[in-house]
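Undergrad: Compact mmCIF, C-alpha atoms, file protein-v7.txt:
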# COMPACT_ATOMS: atom_id res chain seq x y z
CA MET W 1366 -3.05 1.77 30.87
CA LYS W 1367 -3.43 0.49 34.43
CA ILE W 1368 -1.39 1.75 37.37
CA ASP W 1369 -1.14 -0.25 40.58
CA THR W 1370 0.69 1.26 43.56
CA THR W 1371 1.76 -0.84 46.55
CA VAL W 1372 3.64 0.38 49.61
CA HIS W 1373 6.35 -1.91 50.99
CA SER W 1374 8.79 -1.57 53.80
CA GLY W 1375 11.48 0.77 52.48
CA TYR W 1376 10.05 1.39 49.02
CA THR W 1377 6.90 1.98 46.95
CA ALA W 1378 6.30 -0.17 43.89
CA ILE W 1379 4.33 1.09 40.90
CA SER W 1380 3.27 -1.62 38.44
CA ILE W 1381 2.13 -0.39 35.05
CA ALA W 1382 0.22 -2.49 32.51
CA GLY W 1383 -0.78 -1.68 28.93
CA GLU W 1384 0.29 1.21 26.73
CA ILE W 1385 1.92 4.41 27.95
CA ASP W 1386 1.17 6.99 25.27
CA MET W 1387 0.33 10.66 24.84
CA TYR W 1388 -3.22 10.09 26.08
CA SER W 1389 -2.41 7.95 29.13
CA SER W 1390 0.92 9.41 30.29
CA PRO W 1391 -0.65 12.44 32.08
CA ALA W 1392 -2.22 9.98 34.59
CA LEU W 1393 1.19 8.38 35.14
CA ARG W 1394 2.67 11.85 35.62
CA ASP W 1395 0.11 12.64 38.33
CA THR W 1396 1.02 9.43 40.18
CA LEU W 1397 4.78 10.02 39.98
CA LEU W 1398 4.65 13.70 40.87
CA THR W 1399 2.48 12.88 43.89
CA MET W 1400 5.27 10.52 45.03
CA ALA W 1401 7.86 13.24 44.47
CA LYS W 1402 5.75 15.77 46.36
CA LYS W 1403 5.62 13.38 49.33
CA LYS W 1404 9.38 12.98 48.98
CA GLU W 1405 9.19 9.18 48.71
CA ALA W 1406 12.74 7.87 49.19
CA ILE W 1407 12.63 4.91 46.80
CA VAL W 1408 10.10 4.31 44.01
CA ILE W 1409 10.41 1.15 41.90
CA ILE W 1410 8.60 1.05 38.56
CA ASN W 1411 7.65 -2.44 37.37
CA LEU W 1412 7.42 -2.31 33.58
CA LYS W 1413 6.88 -6.06 33.01
CA ASP W 1414 3.36 -5.68 31.55
CA VAL W 1415 4.00 -2.54 29.51
CA LYS W 1416 3.19 -3.29 25.87
CA TYR W 1417 4.25 0.05 24.45
CA ILE W 1418 5.81 3.28 25.64
CA ASP W 1419 6.08 6.44 23.58
CA SER W 1420 8.19 9.56 24.02
CA SER W 1421 5.69 11.15 26.39
CA GLY W 1422 6.00 8.13 28.72
CA ILE W 1423 9.77 8.28 28.69
CA ALA W 1424 9.73 12.06 29.23
CA THR W 1425 7.35 11.56 32.17
CA PHE W 1426 9.83 9.19 33.82
CA VAL W 1427 12.69 11.61 33.14
CA GLU W 1428 10.78 14.49 34.71
CA ALA W 1429 9.92 12.39 37.78
CA LEU W 1430 13.54 11.25 38.14
CA LYS W 1431 14.73 14.88 38.00
CA LYS W 1432 12.27 15.88 40.73
CA MET W 1433 13.20 12.92 42.95
CA LEU W 1434 16.94 13.46 42.57
CA SER W 1435 16.45 17.04 43.81
CA TYR W 1436 15.66 15.74 47.33
CA GLY W 1437 17.88 12.62 47.20
CA GLY W 1438 15.10 10.19 46.21
CA LYS W 1439 15.61 7.23 43.88
CA LEU W 1440 13.51 6.11 40.89
CA LYS W 1441 14.37 2.58 39.81
CA MET W 1442 13.14 0.55 36.84
CA ALA W 1443 12.51 -3.19 37.03
CA GLN W 1444 11.62 -5.90 34.52
CA VAL W 1445 11.97 -3.67 31.49
CA PRO W 1446 10.66 -5.54 28.39
CA ASP W 1447 13.20 -5.96 25.54
CA ARG W 1448 11.23 -3.69 23.20
CA VAL W 1449 11.21 -0.87 25.78
CA MET W 1450 14.87 -1.53 26.65
CA GLU W 1451 15.80 -1.08 22.99
CA ILE W 1452 14.28 2.41 23.05
CA PHE W 1453 16.03 3.18 26.38
CA ASN W 1454 19.34 2.10 24.85
CA PHE W 1455 18.88 4.11 21.66
CA SER W 1456 17.87 7.21 23.63
CA LYS W 1457 20.83 6.64 26.02
CA LEU W 1458 18.29 6.41 28.87
CA ASP W 1459 19.88 3.15 30.04
CA LYS W 1460 22.59 5.48 31.41
CA VAL W 1461 20.02 7.73 33.11
CA PHE W 1462 17.82 5.19 34.93
CA ASP W 1463 18.87 2.48 37.37
CA ILE W 1464 17.56 -0.69 35.73
CA TYR W 1465 17.11 -4.05 37.48
CA GLY W 1466 15.99 -7.54 36.50
CA SER W 1467 13.42 -7.81 39.30
CA ILE W 1468 11.65 -5.76 41.97
CA GLU W 1469 13.63 -7.69 44.63
CA ASP W 1470 16.96 -6.77 42.98
CA ALA W 1471 15.86 -3.15 42.79
CA ALA W 1472 14.72 -3.15 46.44
CA ASN W 1473 17.92 -4.77 47.69
CA SER W 1474 20.36 -2.62 45.77
CA MET M 873 3.34 -9.83 6.76
CA GLU M 874 0.51 -7.37 7.40
CA ASN M 875 0.24 -4.39 5.05
CA ALA M 876 0.55 -0.85 6.42
CA ILE M 877 -0.60 0.75 3.19
CA GLU M 878 -2.86 -0.62 0.44
CA VAL M 879 -3.51 1.51 -2.63
CA LYS M 880 -6.16 0.28 -5.07
CA ASP M 881 -7.09 1.62 -8.53
CA LEU M 882 -5.87 5.12 -7.65
CA VAL M 883 -6.63 7.68 -10.33
CA THR M 884 -5.84 11.37 -10.19
CA PHE M 885 -5.79 14.30 -12.59
CA TYR M 886 -4.22 17.74 -12.71
CA GLY M 887 -6.83 19.53 -14.78
CA GLU M 888 -7.49 17.24 -17.73
CA ARG M 889 -4.11 15.52 -17.51
CA GLN M 890 -4.20 12.09 -15.89
CA ILE M 891 -1.24 11.77 -13.50
CA LEU M 892 -1.92 8.43 -11.76
CA LYS M 893 -3.62 5.90 -14.04
CA GLY M 894 -5.38 3.48 -11.71
CA ILE M 895 -2.38 2.25 -9.73
CA SER M 896 -2.54 -0.56 -7.15
CA PHE M 897 0.15 -1.77 -4.73
CA ALA M 898 0.68 -2.62 -1.05
CA ILE M 899 3.46 -1.67 1.39
CA PRO M 900 4.20 -4.19 4.16
CA SER M 901 4.21 -2.95 7.78
CA GLY M 902 7.54 -2.15 9.35
CA THR M 903 9.46 -1.88 6.08
CA THR M 904 11.37 0.99 4.56
CA THR M 905 9.80 1.37 1.15
CA VAL M 906 11.15 3.64 -1.54
CA ILE M 907 8.90 5.09 -4.23
CA VAL M 908 11.11 5.59 -7.26
CA GLY M 909 10.87 6.66 -10.86
CA GLY M 910 12.03 9.40 -13.19
CA SER M 911 11.01 13.04 -12.90
CA GLY M 912 7.34 13.54 -13.70
CA CYS M 913 6.36 9.89 -13.17
CA GLY M 914 3.88 10.83 -10.42
CA LYS M 915 5.80 9.85 -7.28
CA THR M 916 5.41 13.17 -5.45
CA THR M 917 1.73 13.25 -6.46
CA LEU M 918 1.37 9.75 -4.99
CA LEU M 919 3.05 10.89 -1.76
CA LYS M 920 0.61 13.82 -1.52
CA HIS M 921 -2.25 11.30 -1.69
CA LEU M 922 -0.68 9.06 0.96
CA ILE M 923 -0.42 11.96 3.41
CA GLY M 924 -3.92 13.18 2.63
CA LEU M 925 -2.94 16.46 0.95
CA LEU M 926 -4.68 15.50 -2.29
CA ARG M 927 -7.93 13.60 -2.84
CA PRO M 928 -8.00 11.08 -5.71
CA ALA M 929 -10.54 11.18 -8.55
CA SER M 930 -11.23 7.52 -7.75
CA GLY M 931 -9.70 4.56 -5.92
CA SER M 932 -8.88 3.81 -2.30
CA ILE M 933 -5.89 4.31 0.03
CA HIS M 934 -6.08 2.10 3.11
CA ILE M 935 -3.59 3.03 5.85
CA HIS M 936 -3.63 0.50 8.68
CA GLY M 937 -7.06 -0.60 7.47
CA ASN M 938 -8.70 2.84 7.14
CA ASP M 939 -9.50 4.32 3.73
CA ILE M 940 -8.17 7.88 3.92
CA ALA M 941 -9.56 8.66 0.45
CA ALA M 942 -13.07 8.27 1.88
CA MET M 943 -12.45 10.10 5.19
CA ASN M 944 -14.07 13.39 6.11
CA ASP M 945 -11.78 16.28 7.12
CA VAL M 946 -12.10 15.59 10.87
CA SER M 947 -11.05 11.93 10.51
CA LEU M 948 -8.27 12.94 8.14
CA ASP M 949 -6.90 15.35 10.75
CA GLU M 950 -6.85 12.48 13.29
CA TYR M 951 -5.01 10.28 10.78
CA ARG M 952 -2.43 12.99 10.15
CA LYS M 953 -1.54 13.05 13.88
CA LYS M 954 -0.30 9.48 13.54
CA MET M 955 2.07 10.14 10.68
CA GLY M 956 5.21 12.22 10.23
CA VAL M 957 6.42 13.93 7.07
CA LEU M 958 9.79 15.35 6.11
CA PHE M 959 9.09 17.69 3.22
CA GLN M 960 11.72 18.37 0.57
CA GLY M 961 12.71 21.77 1.94
CA ALA M 962 12.20 20.61 5.57
CA ALA M 963 9.31 23.15 5.85
CA LEU M 964 10.43 24.51 9.20
CA LEU M 965 8.76 27.71 10.38
CA ASN M 966 11.47 30.34 10.05
CA SER M 967 10.13 32.60 12.79
CA MET M 968 10.42 29.82 15.37
CA THR M 969 13.47 28.23 16.98
CA LEU M 970 14.15 24.54 16.34
CA ALA M 971 12.78 23.67 19.78
CA GLU M 972 9.58 25.61 19.06
CA ASN M 973 9.26 23.90 15.65
CA VAL M 974 9.54 20.43 17.21
CA ALA M 975 7.21 21.35 20.08
CA LEU M 976 4.51 22.72 17.78
CA PRO M 977 2.65 19.45 16.98
CA LEU M 978 2.78 18.41 20.64
CA LYS M 979 1.31 21.73 21.77
CA GLU M 980 -1.36 21.67 19.06
CA HIS M 981 -2.46 18.05 19.36
CA THR M 982 -1.85 16.85 22.93
CA LYS M 983 -2.61 17.90 26.48
CA LEU M 984 0.95 17.25 27.66
CA LYS M 985 2.41 19.71 30.15
CA GLU M 986 5.10 22.15 29.02
CA SER M 987 7.73 20.42 31.19
CA VAL M 988 7.08 17.05 29.49
CA ILE M 989 7.08 18.64 26.03
CA ASP M 990 10.45 20.31 26.78
CA ILE M 991 11.98 16.91 27.58
CA ILE M 992 10.47 15.29 24.45
CA VAL M 993 11.87 18.12 22.31
CA ARG M 994 15.37 17.65 23.76
CA MET M 995 15.12 13.89 23.20
CA LYS M 996 14.03 14.31 19.56
CA LEU M 997 16.76 16.85 18.79
CA ASP M 998 19.31 14.49 20.35
CA LEU M 999 17.99 11.59 18.24
CA VAL M 1000 18.86 13.49 15.08
CA GLY M 1001 22.21 14.78 16.37
CA LEU M 1002 21.07 18.35 17.10
CA SER M 1003 21.49 18.50 20.88
CA GLY M 1004 22.26 22.07 21.90
CA PHE M 1005 20.70 23.61 18.78
CA GLY M 1006 17.21 24.06 20.23
CA GLU M 1007 17.50 27.85 20.41
CA PHE M 1008 18.81 28.22 16.85
CA TYR M 1009 16.58 29.50 14.06
CA PRO M 1010 16.31 27.60 10.73
CA ALA M 1011 18.20 30.38 8.90
CA GLN M 1012 21.22 29.69 11.12
CA LEU M 1013 21.49 26.05 10.00
CA SER M 1014 23.04 24.19 7.06
CA GLY M 1015 20.81 22.26 4.61
CA GLY M 1016 21.62 18.93 6.28
CA MET M 1017 20.87 20.29 9.75
CA LYS M 1018 17.53 21.67 8.55
CA LYS M 1019 16.59 18.22 7.25
CA ARG M 1020 17.55 16.66 10.58
CA ALA M 1021 15.46 19.24 12.41
CA GLY M 1022 12.60 18.44 10.04
CA ILE M 1023 12.94 14.76 10.97
CA ALA M 1024 12.89 15.66 14.68
CA ARG M 1025 9.61 17.52 14.11
CA ALA M 1026 8.19 14.70 11.98
CA MET M 1027 9.02 12.30 14.85
CA ALA M 1028 7.53 14.53 17.57
CA MET M 1029 4.24 12.62 17.83
CA ASP M 1030 5.86 9.15 17.55
CA PRO M 1031 4.23 8.40 14.19
CA GLY M 1032 3.43 4.89 12.98
CA VAL M 1033 4.31 5.87 9.42
CA LEU M 1034 7.07 8.30 8.51
CA TYR M 1035 7.20 9.82 5.01
CA PHE M 1036 10.22 11.46 3.38
CA ASP M 1037 9.99 13.50 0.19
CA GLU M 1038 13.38 13.39 -1.58
CA PRO M 1039 15.42 13.62 1.66
CA SER M 1040 18.76 13.85 -0.19
CA ALA M 1041 17.70 16.65 -2.52
CA GLY M 1042 20.14 19.54 -2.39
CA LEU M 1043 22.60 17.80 -0.06
CA ASP M 1044 26.23 16.90 -0.72
CA PRO M 1045 26.91 13.12 -0.95
CA VAL M 1046 28.44 12.85 2.53
CA THR M 1047 25.57 14.69 4.24
CA ALA M 1048 23.06 12.66 2.21
CA ALA M 1049 24.74 9.42 3.33
CA GLY M 1050 24.54 10.61 6.96
CA LEU M 1051 20.83 11.22 6.53
CA ASP M 1052 20.36 7.73 5.06
CA GLU M 1053 22.13 6.25 8.09
CA LEU M 1054 19.83 8.23 10.39
CA ILE M 1055 16.72 6.95 8.54
CA LEU M 1056 18.03 3.39 8.90
CA ARG M 1057 18.71 3.77 12.64
CA LEU M 1058 15.32 5.33 13.37
CA HIS M 1059 13.59 2.59 11.43
CA ARG M 1060 15.55 -0.16 13.19
CA VAL M 1061 14.82 1.09 16.70
CA PHE M 1062 11.29 2.43 16.39
CA LYS M 1063 10.02 -0.25 13.96
CA MET M 1064 8.04 2.34 12.02
CA THR M 1065 6.85 1.95 8.46
CA VAL M 1066 9.02 4.35 6.49
CA VAL M 1067 8.12 5.55 2.98
CA VAL M 1068 10.74 7.49 1.04
CA VAL M 1069 10.23 9.19 -2.31
CA THR M 1070 13.60 9.34 -4.03
CA HIS M 1071 15.46 8.78 -7.27
CA GLU M 1072 18.92 8.61 -5.66
CA LEU M 1073 20.36 5.15 -6.34
CA PRO M 1074 22.84 5.17 -3.39
CA SER M 1075 19.95 6.01 -1.02
CA ILE M 1076 17.75 3.28 -2.49
CA PHE M 1077 20.47 0.65 -2.04
CA THR M 1078 21.22 1.81 1.53
CA ILE M 1079 17.79 2.20 3.06
CA ALA M 1080 15.21 0.20 1.07
CA ASP M 1081 13.65 -3.14 1.95
CA TYR M 1082 10.89 -2.72 -0.59
CA VAL M 1083 10.51 -0.78 -3.86
CA VAL M 1084 7.52 0.71 -5.68
CA MET M 1085 8.54 2.02 -9.09
CA LEU M 1086 6.29 4.33 -11.10
CA ASP M 1087 6.54 5.08 -14.79
CA LYS M 1088 4.34 7.67 -16.48
CA GLY M 1089 1.60 7.28 -13.87
CA ASP M 1090 1.59 3.44 -13.84
CA VAL M 1091 3.22 0.97 -11.47
CA ALA M 1092 6.27 -0.49 -13.22
CA PHE M 1093 7.55 -2.64 -10.34
CA VAL M 1094 6.55 -3.61 -6.77
CA GLY M 1095 8.65 -5.92 -4.64
CA LYS M 1096 11.73 -6.48 -2.50
CA LEU M 1097 14.94 -4.56 -3.16
CA GLU M 1098 16.84 -7.73 -4.10
CA ASP M 1099 14.19 -8.58 -6.72
CA PHE M 1100 14.30 -4.99 -7.99
CA LYS M 1101 18.06 -5.22 -8.51
CA LEU M 1102 17.65 -8.49 -10.44
CA SER M 1103 14.60 -7.44 -12.46
CA GLU M 1104 14.95 -7.81 -16.23
CA LYS M 1105 12.17 -5.31 -16.97
CA PRO M 1106 13.58 -2.77 -19.45
CA ILE M 1107 12.24 0.21 -17.48
CA VAL M 1108 13.92 -1.05 -14.29
CA ARG M 1109 17.23 -1.73 -16.09
CA THR M 1110 17.09 1.75 -17.66
CA PHE M 1111 16.62 3.28 -14.21
CA LEU M 1112 19.26 1.17 -12.43
CA GLU M 1113 21.84 1.58 -15.18
CA ARG M 1114 21.10 5.31 -15.50
CA ARG M 1115 20.50 5.09 -19.24
CA PRO M 1116 18.74 8.03 -20.85
CA GLU M 1117 15.26 7.30 -22.16
CA GLU M 1118 14.82 6.97 -25.88
CA GLU M 1119 13.90 10.08 -27.88
CA VAL M 1120 10.14 10.41 -27.81
CA TYR M 1121 9.69 12.61 -30.90
CA SER M 1122 10.48 12.00 -34.51
CA PRO M 1123 11.87 15.06 -36.37
CA ASP M 1124 8.47 15.55 -38.02
CA ASN M 1125 6.69 15.52 -34.66
CA TYR M 1126 9.26 17.93 -33.23
CA PHE M 1127 8.71 20.35 -36.13
CA LYS M 1128 4.98 20.26 -35.43
CA ILE M 1129 5.56 20.91 -31.73
CA ILE M 1130 7.77 23.97 -32.14
CA THR M 1131 5.72 25.50 -34.95
CA GLY M 1132 2.42 24.72 -33.25
CA ALA M 1133 1.22 23.21 -36.51
Spell out the structure here as structure tokens.

TA:
Amino acid sequence: MKIDTTVHSGYTAISIAGEIDMYSSPALRDTLLTMAKKKEAIVIINLKDVKYIDSSGIATFVEALKKMLSYGGKLKMAQVPDRVMEIFNFSKLDKVFDIYGSIEDAANS
Amino acid sequence: MENAIEVKDLVTFYGERQILKGISFAIPSGTTTVIVGGSGCGKTTLLKHLIGLLRPASGSIHIHGNDIAAMNDVSLDEYRKKMGVLFQGAALLNSMTLAENVALPLKEHTKLKESVIDIIVRMKLDLVGLSGFGEFYPAQLSGGMKKRAGIARAMAMDPGVLYFDEPSAGLDPVTAAGLDELILRLHRVFKMTVVVVTHELPSIFTIADYVVMLDKGDVAFVGKLEDFKLSEKPIVRTFLERRPEEEVYSPDNYFKIITGA
């Protein structure tokens, strides 16, 4: 798994590539909790190049969202692949996360 | 389609009695395959080999390309982390709550933080319709709920292959049908290879894509469910039409058996 963080005006984008699984998700958790610690207002996760996400990856996003909501921050998802979206839908997480078609849509919402 | 499981010339004995007589078959990836056959045909023994609980006398069992029959104990432990099993009696630990049961494999086999594990446990219990029951103990649940909790635990590590040993055993027809629906939904969404040992015809017709039928330690049929239903093989017709098997003993033989002569 590769994590690429870029700071933009008004938001921080985190692009993830590869597989988010039980071995790689702790690194993702470190990145997201660092954002939450800094009280980043808007974090947009670009999932376009994610090939696979397991329960630990989803739980990591849920934990980060909970922490960010506690100070009024927003965690948005963009370009969610169909396969990942199917799991979000089944787990009712499509109701939990704000999901957008593109980073621009997420930034402008 | 790629095969998830390939069994070749598998032979096993209990003492001197040969249980599996050199069976060979393959299970395609991403299917729900049922292993069927009458009582004593060797299906539970086969399942025990597939999950690495028993070692064969000879033959190979390739799971996603790796021969588990030839693995050492360390490699076999690694393989077991990638599979889930629902045992017949659910096999929950009675001294632990449901949440603790589901969390157990994650705590034992991963370095995930407690907060992440807590969320995974809630997600898994919700998947099987047991939200809010995390603090209950197994003794406080019905048979159907225990099976669902067992599935939640089997799913904890996001296995690539999920095995069920007679999931409907001991359940009323309505609860059993609910469990079949759950197996179907999990399979559809998570695209896992699912292997179910059963002899329940309604379950077979509801969940199976693929059928492996055993008879007295041999493979009697391997193929798609639709071909199974249409098969003209006498052993398949006997099973599907629920006909009793023919009497094995002649009166003379029976006399010898009961007198020990």

Undergrad: Pull the neighbourhood of (11.6, 0.4, -19.1) for me: all residues within 10 Å in file coordinates, counting all atoms listed in the file, as a list in words.

TA: Asp1087, Ala1092, Glu1104, Lys1105, Pro1106, Ile1107, Val1108, Arg1109, Thr1110, Phe1111, Glu1117 and Glu1118 of chain M

Undergrad: Atoms to include: C-alpha atoms. Write the selected residues as a PDB file, keeping the file's coordinate frame.

TA:
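Written file, result-v1.pdb:
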ATOM      1  CA  ASP M1087       6.540   5.080 -14.790  1.00  0.00           C
ATOM      2  CA  ALA M1092       6.270  -0.490 -13.220  1.00  0.00           C
ATOM      3  CA  GLU M1104      14.950  -7.810 -16.230  1.00  0.00           C
ATOM      4  CA  LYS M1105      12.170  -5.310 -16.970  1.00  0.00           C
ATOM      5  CA  PRO M1106      13.580  -2.770 -19.450  1.00  0.00           C
ATOM      6  CA  ILE M1107      12.240   0.210 -17.480  1.00  0.00           C
ATOM      7  CA  VAL M1108      13.920  -1.050 -14.290  1.00  0.00           C
ATOM      8  CA  ARG M1109      17.230  -1.730 -16.090  1.00  0.00           C
ATOM      9  CA  THR M1110      17.090   1.750 -17.660  1.00  0.00           C
ATOM     10  CA  PHE M1111      16.620   3.280 -14.210  1.00  0.00           C
ATOM     11  CA  GLU M1117      15.260   7.300 -22.160  1.00  0.00           C
ATOM     12  CA  GLU M1118      14.820   6.970 -25.880  1.00  0.00           C
TER      13      GLU M1118
END

Undergrad: Considering only C-alpha atoms, extract the chain M residues located within 8 Å of chain W and return them as a list of chain:residue names.

TA: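 The complete set of qualifying residues is M:Thr982, M:Lys983, M:Leu984, M:Ser987, M:Val988, M:Ile989, M:Ile991, M:Ile992, M:Met995, M:Leu999, M:Met1029, M:Asp1030, M:Val1061, M:Phe1062.
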
Undergrad: Mind pulling up the distance from CA of Gly1032 (chain M) to CA of Lys953 (chain M)?

TA: 9.6 Å

Undergrad: Give me, as a list in words, all polymer residues having an atom no more than 9 Å from Met1433 (chain W), counting all atoms listed in the file and skipping those fewer than 5 positions away in the same chain.

TA: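 That gives Leu1398, Met1400, Ala1401, Lys1402, Lys1404, Glu1405, Ala1406, Ile1407, Glu1428, Gly1438, Lys1439 and Leu1440 of chain W.
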
Undergrad: Looking at all atoms listed in the file, which of M:Leu997, M:Tyr1009, M:Lys985, M:Ser947 is the one that sits closest to Leu964 (chain M)?

TA: M:Tyr1009

Undergrad: List the neighbours of Asp1470 (chain W) out to 12 Å using all atoms listed in the file; skip same-chain residues closer than 4 positions along the sequence, and give me the result as an mmCIF file with C-alpha atoms, in the frame of the given file.

TA:
data_model
loop_
_atom_site.group_PDB
_atom_site.id
_atom_site.type_symbol
_atom_site.label_atom_id
_atom_site.label_comp_id
_atom_site.auth_asym_id
_atom_site.auth_seq_id
_atom_site.Cartn_x
_atom_site.Cartn_y
_atom_site.Cartn_z
ATOM 1 C CA ILE W 1409 10.410 1.150 41.900
ATOM 2 C CA ASN W 1411 7.650 -2.440 37.370
ATOM 3 C CA LYS W 1441 14.370 2.580 39.810
ATOM 4 C CA MET W 1442 13.140 0.550 36.840
ATOM 5 C CA ALA W 1443 12.510 -3.190 37.030
ATOM 6 C CA GLN W 1444 11.620 -5.900 34.520
ATOM 7 C CA ASP W 1463 18.870 2.480 37.370
ATOM 8 C CA ILE W 1464 17.560 -0.690 35.730
ATOM 9 C CA TYR W 1465 17.110 -4.050 37.480
ATOM 10 C CA GLY W 1466 15.990 -7.540 36.500
ATOM 11 C CA SER W 1474 20.360 -2.620 45.770
#

Undergrad: May I have the residues at most 8 Å from (6.0, 10.8, -20.0) in the file's coordinates, counting all atoms listed in the file, as a list in words?

TA: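 The distance filter leaves exactly Gly912, Cys913, Asp1087 and Lys1088 of chain M.
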
Undergrad: Please write the residues from the selection above to a file, keeping C-alpha atoms, as a PDB file, in the coordinates of the input.

TA:
ATOM      1  CA  GLY M 912       7.340  13.540 -13.700  1.00  0.00           C
ATOM      2  CA  CYS M 913       6.360   9.890 -13.170  1.00  0.00           C
ATOM      3  CA  ASP M1087       6.540   5.080 -14.790  1.00  0.00           C
ATOM      4  CA  LYS M1088       4.340   7.670 -16.480  1.00  0.00           C
TER       5      LYS M1088
END

Undergrad: Which distance in Å separates CA of Val1067 (chain M) and CA of Val1415 (chain W), to one decimal?

TA: 28.0 Å

Undergrad: Using CA of Gly887 (chain M) and CA of Asn938 (chain M) as the two end points, give the distance in Å to one decimal.

TA: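 Computed distance, CA of Gly887 (chain M) to CA of Asn938 (chain M), equals 27.6 Å.
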
Undergrad: Grab all the atoms of region 1409-1412 of chain W that the file lists, wrap them in a box along x, y and z, add 3 Å per side, and give me centre plus edge lengths in Å (one decimal) as lines of an AutoDock Vina configuration file.

TA:
center_x = 8.9
center_y = -0.6
center_z = 37.7
size_x = 9.0
size_y = 9.6
size_z = 14.3

Undergrad: Give me the residues near Asp1369 (chain W) as a PyMOL selection string, where near means some atom within 7 Å (using all atoms listed in the file) and where sequence neighbours in that chain fewer than 3 positions away do not count.

TA: chain W and resi 1379-1381

Undergrad: Check the smallest atom-to-atom distance from each of M:Leu919, M:Ala898, M:Ala929, M:Ala1026 to Leu958 (chain M) using all atoms listed in the file, then report the winner.

TA: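 Ranked by minimum distance to Leu958 (chain M), first place goes to M:Ala1026.
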
Undergrad: Quick one: everything within 7 Å of Val1445 (chain W), counting only C-alpha atoms, minus sequence neighbours fewer than 5 positions away in the same chain. Send it as number ranges by chain.

TA: W: 1412-1413, 1450
